[in-house]
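Contents: one structure, followed by commentary.
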Amino acid sequence: MTLDPTKHPDWQIALDAEQNMKTFEALTAEMGLEPSEVLPYGRYMGKIEQQEVLQRLESRPNGKYVDVTAITPTPLGEGKSTTTIGLVQGLARRGLRSSAAIRQPSGGPTMGMKGSAAGGGLSQCIPLTPYSLNFTGDIHAVGAAHNLAMTALTSRMQHERNYDDATLERLSGMRRLDIDPTRVSTGWVMDFCAQTLRNVIIGMEGDGRRNDGFMMRSHFDITVASEVMSILSVARDLADLRQRMGRMVLALDRNGRPVTTADLEVDGAMTAWLVEAIKPNLIQTIEGQPVLVHTGPFGNIALGQSSVIADRVGLKLGDIHVTESGFAAEMGYEKFWNLKCRYSGLAPDAAVIVATVRALKHHGGAPQPRPGQPLPEEYLREDVGLVEAGCVNLLHHIGIVRRSGVPSVVCINKFYTDKPAEIDAIRRICEKAGASVAVSEHWEKGGEGALELADAVMDACNSPKRNFRPLYDWKLPIAERIVCIAREVYGADGVDFEPMAAQRLKALQERPDADELGVCMVKTQYSLSDDAKRKGVPSSWRLHVRDVLLFGGAGLVAPVAGDISLMPGTGSRPSFRNIDVDVATGRVTGVF
């Protein structure tokens with residue numbers, strides 16, 4: 001018997017459902033995969049040999065392609081993963097062969113406040129604990145590849161300091177790269193939210209020894225924000241991955257020339273760490289539909305998309321494939337629209353915009369809800385006025401998707417505490433704006449609760465009004481593309497570039513491949529602006545770009561706006577306090 005999500009936590013529901021889940025062999029057979037095209041990791045999860053699948057099914061037409069995005073979230077999230085899983089379950093109940101592509105949970109949020117990214121209630125994927133913790137090792141492989149590059153860089157700097165040119169050549173066959181220690185742009189990574197590592201000094205010598213490393217300022221980012229993860233997201237195959245790996249720029253030399261992983265001769269070894277990681281992972285919903293899991297989250301500081309490879313595989317294996325983009329439409333969907341779809345050559349048939357009564361009340365003026373703390377009274381009582389006021393944010397996100405030429409469906413992600421009058425107000429406002437709306441109770445009722453959403457999504461997929469088009473021409477100067485995103489997507493009056501950001505943009509624009517570099521914005525996910533405190537639809541503001549990063553292998557320029565770090569922090573009520581192990585059975589408890 002299925003547990004009641006209003007009375008049981010997600011991890012208990014998952015453990016209960018795992019007693020009846022399909023074996024990996026049965027799941028892949030239902031999908032039409034050949035035994036030679038899969039690589040089991042235990043009984044219930046594994047990897048797909050994507051090259052073999054895509055070659056065999058090359059002539060098969062793609063299924064319908066749907067992206068799930070959201071309004072500007074609260075710290076509690078809007079339920080994009082839950083909605084993605086629930087929609088796939090609902091589509092299956094309508095007789096369609098459906099699949100999802102989601103991103104692997106990062107250890108930072110899983111052990112922090114947000115928890116895993118498995119969905120929730122009766123719309124989650126299983127097995128929960130392996131998926132949320134070690135899984136098949138992809139994130140570990142990304143971290144190893146990234147940190148190997150930094151090991152190569154810093155050891156090279158030490159040897160170049162210690163030896164003259166002739167000795168360096170005699171000992172190692174290396175030519176001097178003359179790396180500028182003040183212009184090392186890349187740091188180290190680890191997959192926890194460790195704010196104490198945002199700024200560090202490395203290479204401190206002990207007892208006067210010069211072989212302890214090269215002392216300099218450095219930093220750590222969270223692993224899923226690594227450029228290696230972005231490369232894994234956009235690569236079409238292993239050959240593409242290998243080529244991109246050599247184009248990563250780690251530093252500049254003393255003449256301002258880029259120092260790449262290929263210069264350090266470490267790109268081949270980095271790729272070796274990723275031979276298995278490039279293969280998408282496969283698990284299932286608690287109702288037995290396939291869920292492809294590939295690459296990582298954080299659409300505010302990284303690409304934040306499920307991989308191009310996972311989507312290409314999913315589209316060949318069924319009638320409809322649902323993918324997920326990180327955070328709200330101005331971040332995740334904008335990157336899906338203008339970056340991922342360009343890399344993949346795919347165009348979506350529809351988009352789902354997830355909204356909750358809770359978030360709309362927040363944008364309407366209610367106090368910010370905080371993870372681990374009781375909800376303020378405003379969220380528990382009926383307040384149509386707050387909901388109506390907050391709908392300006394939802395309408396803005398509808399406009400973003402509409403600008404891309406893709407039909408959208410607003411999914412009201414309903415919770416059992418929501419009041420009918422509040423739901424009616426959202427529906428009325430959206431329909432007045434010409435938007436399709438569906439109320440979905442997938443969290444509480446699983447696929448049965450997502451039937452209205454499934455029907456609306458299929459109607460949108462079959463709409464004759466689809467006219468997918470990019471926001472801007474990549475031949476525009478990079479700075480003009482940044483201004484276009486800020487004005488047309490965020491609603492800013494313009495962009496202010498700090499001197500360092502302007503200087504770096506000027507240098508990037510002089511590169512011969514400038515019109516091949518995509519713009520991957522970095523800013524807060526909690527506001528349309530670069531100020532997390534500004535809710536709703538801020539007016540009379542300008543985007544403040546303080547830095548510009550280059551991810552040469554991924555082919556991305558990352559403007560950094562406002563006060564945001566590529567290493568999030570751990571709060572005062574982290575999830576790891578709730579996680580434990582039953583030593584008699586080895587069963588992990590408390591993961592959510």
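Just remember, in the structure tokens the first chain shown is A, the second B, etc., residues are 1-based per chain, and ligands are 1-based in the order shown.
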DSSP-assigned alpha helix (DSSP H) among stretch 161-313 of chain A, expressed as a PyMOL selection string
chain A and resi 161-162+165-172+227-234+238-245+267-272+308-313
Within 9 Å of stretch 26-41 of chain A using only C-alpha atoms, minus same-chain residues under 6 positions, as a list in words
Lys47, Ile48, Glu49, Gln50, Gln51, Glu52, Val53, Arg97, Phe135, Thr136, Leu282, Ile283, Gln284, Gly288, Gln289, Pro290, Leu317 and Gly318 of chain A
Nearest to A:Arg56 by atom-to-atom distance, counting only C-alpha atoms, from A:Pro512, A:Val313, A:Val224, A:Gly137:
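Counting only C-alpha atoms, the residue closest to A:Arg56 is A:Val313.
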Residue with smallest distance to A:Ser123 - pool A:Ser81, A:Thr261, A:Thr417, A:Gln305, counting only C-alpha atoms
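Among the listed residues, A:Ser81 lies closest to A:Ser123.
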Once DSSP has gone over the backbone, tell me which residues of stretch 270-503 of chain A are in strand (DSSP E or B), as a PyMOL selection string.
chain A and resi 281-285+290-293+305+320-325+350-355+408-413+436-440+495-497
Print the selection's residues with N, CA and C atoms to a file, as a compact mmCIF listing (two decimals), in the first residue's frame.
# COMPACT_ATOMS: atom_id res chain seq x y z
N ASN A 281 22.93 8.05 -16.79
CA ASN A 281 22.45 7.09 -15.81
C ASN A 281 20.94 6.88 -15.95
N LEU A 282 20.47 5.74 -15.47
CA LEU A 282 19.05 5.41 -15.58
C LEU A 282 18.52 4.85 -14.28
N ILE A 283 17.45 5.49 -13.78
CA ILE A 283 16.70 4.95 -12.65
C ILE A 283 15.22 5.03 -13.03
N GLN A 284 14.30 5.10 -12.07
CA GLN A 284 12.87 5.06 -12.40
C GLN A 284 12.06 5.88 -11.41
N THR A 285 10.86 6.27 -11.84
CA THR A 285 9.92 6.90 -10.93
C THR A 285 9.33 5.82 -10.02
N PRO A 290 10.98 5.47 -16.87
CA PRO A 290 12.42 5.71 -16.90
C PRO A 290 12.79 7.16 -16.61
N VAL A 291 13.85 7.33 -15.83
CA VAL A 291 14.39 8.65 -15.50
C VAL A 291 15.88 8.63 -15.82
N LEU A 292 16.28 9.41 -16.81
CA LEU A 292 17.69 9.56 -17.12
C LEU A 292 18.27 10.66 -16.24
N VAL A 293 19.42 10.39 -15.66
CA VAL A 293 20.07 11.33 -14.75
C VAL A 293 21.47 11.60 -15.29
N GLN A 305 21.76 22.31 -16.58
CA GLN A 305 20.84 21.57 -17.45
C GLN A 305 21.16 20.08 -17.40
N ILE A 320 7.34 10.89 -25.67
CA ILE A 320 7.52 12.24 -25.12
C ILE A 320 8.61 12.20 -24.06
N HIS A 321 9.47 13.20 -24.10
CA HIS A 321 10.61 13.26 -23.18
C HIS A 321 10.57 14.60 -22.46
N VAL A 322 10.67 14.57 -21.14
CA VAL A 322 10.56 15.76 -20.31
C VAL A 322 11.90 16.03 -19.66
N THR A 323 12.48 17.20 -19.95
CA THR A 323 13.77 17.57 -19.36
C THR A 323 13.58 18.72 -18.40
N GLU A 324 14.60 18.99 -17.60
CA GLU A 324 14.47 19.96 -16.51
C GLU A 324 15.59 20.99 -16.59
N SER A 325 15.25 22.26 -16.37
CA SER A 325 16.23 23.34 -16.33
C SER A 325 16.28 23.94 -14.93
N ALA A 350 7.16 22.24 -26.11
CA ALA A 350 6.39 22.94 -25.09
C ALA A 350 7.26 23.15 -23.86
N ALA A 351 6.82 24.07 -23.01
CA ALA A 351 7.49 24.32 -21.73
C ALA A 351 6.46 24.36 -20.63
N VAL A 352 6.84 23.88 -19.45
CA VAL A 352 5.99 23.92 -18.26
C VAL A 352 6.60 24.92 -17.28
N ILE A 353 5.78 25.85 -16.80
CA ILE A 353 6.22 26.85 -15.82
C ILE A 353 5.58 26.49 -14.47
N VAL A 354 6.39 26.05 -13.52
CA VAL A 354 5.86 25.60 -12.24
C VAL A 354 5.70 26.78 -11.29
N ALA A 355 4.56 26.84 -10.63
CA ALA A 355 4.29 27.89 -9.65
C ALA A 355 3.58 27.30 -8.45
N SER A 408 3.46 27.34 -23.76
CA SER A 408 3.74 27.01 -22.36
C SER A 408 2.47 26.62 -21.63
N VAL A 409 2.68 25.88 -20.55
CA VAL A 409 1.60 25.50 -19.63
C VAL A 409 2.03 25.91 -18.23
N VAL A 410 1.22 26.70 -17.56
CA VAL A 410 1.47 27.02 -16.16
C VAL A 410 0.97 25.85 -15.33
N CYS A 411 1.88 25.24 -14.58
CA CYS A 411 1.50 24.16 -13.66
C CYS A 411 1.38 24.73 -12.26
N ILE A 412 0.16 24.78 -11.74
CA ILE A 412 -0.02 25.16 -10.33
C ILE A 412 0.27 23.91 -9.51
N ASN A 413 1.44 23.89 -8.91
CA ASN A 413 1.90 22.73 -8.13
C ASN A 413 1.17 22.78 -6.78
N SER A 436 -2.12 28.93 -20.90
CA SER A 436 -2.73 27.65 -20.53
C SER A 436 -2.36 27.32 -19.09
N VAL A 437 -3.33 26.80 -18.33
CA VAL A 437 -3.11 26.53 -16.91
C VAL A 437 -3.60 25.12 -16.58
N ALA A 438 -2.85 24.43 -15.72
CA ALA A 438 -3.29 23.13 -15.21
C ALA A 438 -2.96 23.05 -13.73
N VAL A 439 -3.91 22.56 -12.97
CA VAL A 439 -3.68 22.31 -11.54
C VAL A 439 -3.22 20.86 -11.41
N SER A 440 -2.12 20.65 -10.70
CA SER A 440 -1.58 19.30 -10.57
C SER A 440 -1.37 18.96 -9.10
N VAL A 495 22.88 47.61 -18.22
CA VAL A 495 23.93 46.87 -17.54
C VAL A 495 25.10 47.80 -17.24
N ASP A 496 25.64 47.70 -16.03
CA ASP A 496 26.86 48.41 -15.64
C ASP A 496 27.97 47.39 -15.46
N PHE A 497 29.08 47.57 -16.17
CA PHE A 497 30.22 46.67 -16.08
C PHE A 497 31.31 47.31 -15.23
With stretch 552-571 of chain A as the partner and 10 Å as the cut-off, tabulate the residues of stretch 436-492 of chain A that qualify, each row holding the nearest pair of atoms and their distance in Å to one decimal, using only C-alpha atoms, sorted by chain and rising number, as a tab-separated table.
residue	atom	partner	partner_atom	distance
A:Ile478	CA	A:Val557	CA	8.3
A:Ala479	CA	A:Pro559	CA	9.5
A:Ile482	CA	A:Pro559	CA	7.9
Near stretch 499-506 of chain A, counting only C-alpha atoms, which residues have an atom at most 6 Å away, once you skip same-chain residues fewer than 4 positions from it, shown as a PDB file with N, CA and C atoms, in the first residue's frame?
ATOM      1  N   ARG A 546      30.196  42.331 -12.167  1.00  0.00           N
ATOM      2  CA  ARG A 546      31.458  42.638 -11.496  1.00  0.00           C
ATOM      3  C   ARG A 546      32.632  41.825 -12.024  1.00  0.00           C
ATOM      4  N   ASP A 547      32.356  40.740 -12.748  1.00  0.00           N
ATOM      5  CA  ASP A 547      33.448  39.912 -13.268  1.00  0.00           C
ATOM      6  C   ASP A 547      32.931  39.153 -14.485  1.00  0.00           C
ATOM      7  N   VAL A 548      33.849  38.667 -15.290  1.00  0.00           N
ATOM      8  CA  VAL A 548      33.503  37.846 -16.448  1.00  0.00           C
ATOM      9  C   VAL A 548      34.484  36.681 -16.498  1.00  0.00           C
TER      10      VAL A 548
END
With the cut-off set at 8 Å and counting only C-alpha atoms, tabulate each residue of stretch 384-477 of chain A with an atom at most that distance from an atom of stretch 59-75 of chain A, showing the nearest atom pair and its distance in Å to one decimal, ordered by chain and increasing number, as a tab-separated table.
residue	atom	partner	partner_atom	distance
A:Asn393	CA	A:Ile71	CA	6.8
A:Leu394	CA	A:Ile71	CA	5.7
A:His397	CA	A:Ile71	CA	6.1
A:Cys461	CA	A:Lys64	CA	6.8
Quick one: residues within 8 Å of A:Arg236, only C-alpha atoms, excluding same-chain residues fewer than 2 positions away - as a short mmCIF file (atom, residue, chain, number, x, y, z; two decimals) with all heavy atoms, in the first residue's frame?
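So the final result, stored in part-v2.cif, reads:
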data_model
loop_
_atom_site.label_atom_id
_atom_site.label_comp_id
_atom_site.auth_asym_id
_atom_site.auth_seq_id
_atom_site.Cartn_x
_atom_site.Cartn_y
_atom_site.Cartn_z
N VAL A 234 27.23 19.70 -22.41
CA VAL A 234 27.02 20.10 -23.79
C VAL A 234 27.67 19.16 -24.81
O VAL A 234 27.36 19.24 -26.00
CB VAL A 234 27.53 21.54 -24.04
CG1 VAL A 234 26.83 22.50 -23.09
CG2 VAL A 234 29.05 21.64 -23.88
N LEU A 238 32.01 11.28 -27.06
CA LEU A 238 33.31 11.24 -26.41
C LEU A 238 34.35 12.05 -27.18
O LEU A 238 35.22 12.71 -26.58
CB LEU A 238 33.77 9.79 -26.25
CG LEU A 238 35.04 9.56 -25.43
CD1 LEU A 238 34.90 10.11 -24.02
CD2 LEU A 238 35.39 8.07 -25.38
N ASP A 240 33.86 14.74 -28.99
CA ASP A 240 33.60 16.15 -28.70
C ASP A 240 34.10 16.50 -27.30
O ASP A 240 34.71 17.55 -27.09
CB ASP A 240 32.10 16.42 -28.84
CG ASP A 240 31.74 17.90 -28.73
OD1 ASP A 240 32.60 18.74 -29.02
OD2 ASP A 240 30.58 18.20 -28.37
N LEU A 241 33.84 15.62 -26.34
CA LEU A 241 34.30 15.83 -24.97
C LEU A 241 35.82 15.95 -24.93
O LEU A 241 36.38 16.85 -24.28
CB LEU A 241 33.83 14.67 -24.08
CG LEU A 241 34.26 14.73 -22.61
CD1 LEU A 241 33.37 15.70 -21.84
CD2 LEU A 241 34.20 13.35 -21.97
N VAL A 308 22.85 17.18 -22.96
CA VAL A 308 22.44 17.01 -24.36
C VAL A 308 22.32 15.52 -24.69
O VAL A 308 21.36 15.10 -25.35
CB VAL A 308 23.46 17.70 -25.29
CG1 VAL A 308 23.25 17.27 -26.74
CG2 VAL A 308 23.35 19.22 -25.16
N ILE A 309 23.26 14.74 -24.22
CA ILE A 309 23.25 13.29 -24.51
C ILE A 309 22.00 12.63 -23.94
O ILE A 309 21.34 11.84 -24.63
CB ILE A 309 24.53 12.63 -23.96
CG1 ILE A 309 25.74 13.02 -24.81
CG2 ILE A 309 24.38 11.11 -23.90
CD1 ILE A 309 27.06 12.51 -24.28
N SER A 344 22.65 21.33 -28.90
CA SER A 344 22.03 20.04 -29.23
C SER A 344 21.41 20.02 -30.61
O SER A 344 21.23 18.96 -31.20
CB SER A 344 20.95 19.70 -28.19
OG SER A 344 19.84 20.58 -28.31
#
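One finds atom CA of A:Asp459 at 17.0 Å from atom CA of A:Thr84.
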Polymer residues at most 8 Å from A:Leu133, only C-alpha atoms, same-chain spacing of 2 or more positions, as a count of residues only
7
I need the residue nearest A:Asp253 from this list: A:Asp10, A:Asp178, A:Asp4, A:Asp531. Use only C-alpha atoms for the distance.
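Nearest to A:Asp253: A:Asp178.
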What is the distance between atom CA of A:Glu18 and atom CA of A:Pro127, in Å to one decimal?
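Computing it gives 6.3 Å between the two atoms.
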A:Asp580: which residues within 7 Å, counting only C-alpha atoms, same-chain residues fewer than 6 positions away excluded, as a PyMOL selection string?
chain A and resi 588-590
Excluding same-chain residues fewer than 4 positions from A:Val200, what lies within 10 Å of it counting only C-alpha atoms, as a ChimeraX atom specification?
/A:187,196,216-220
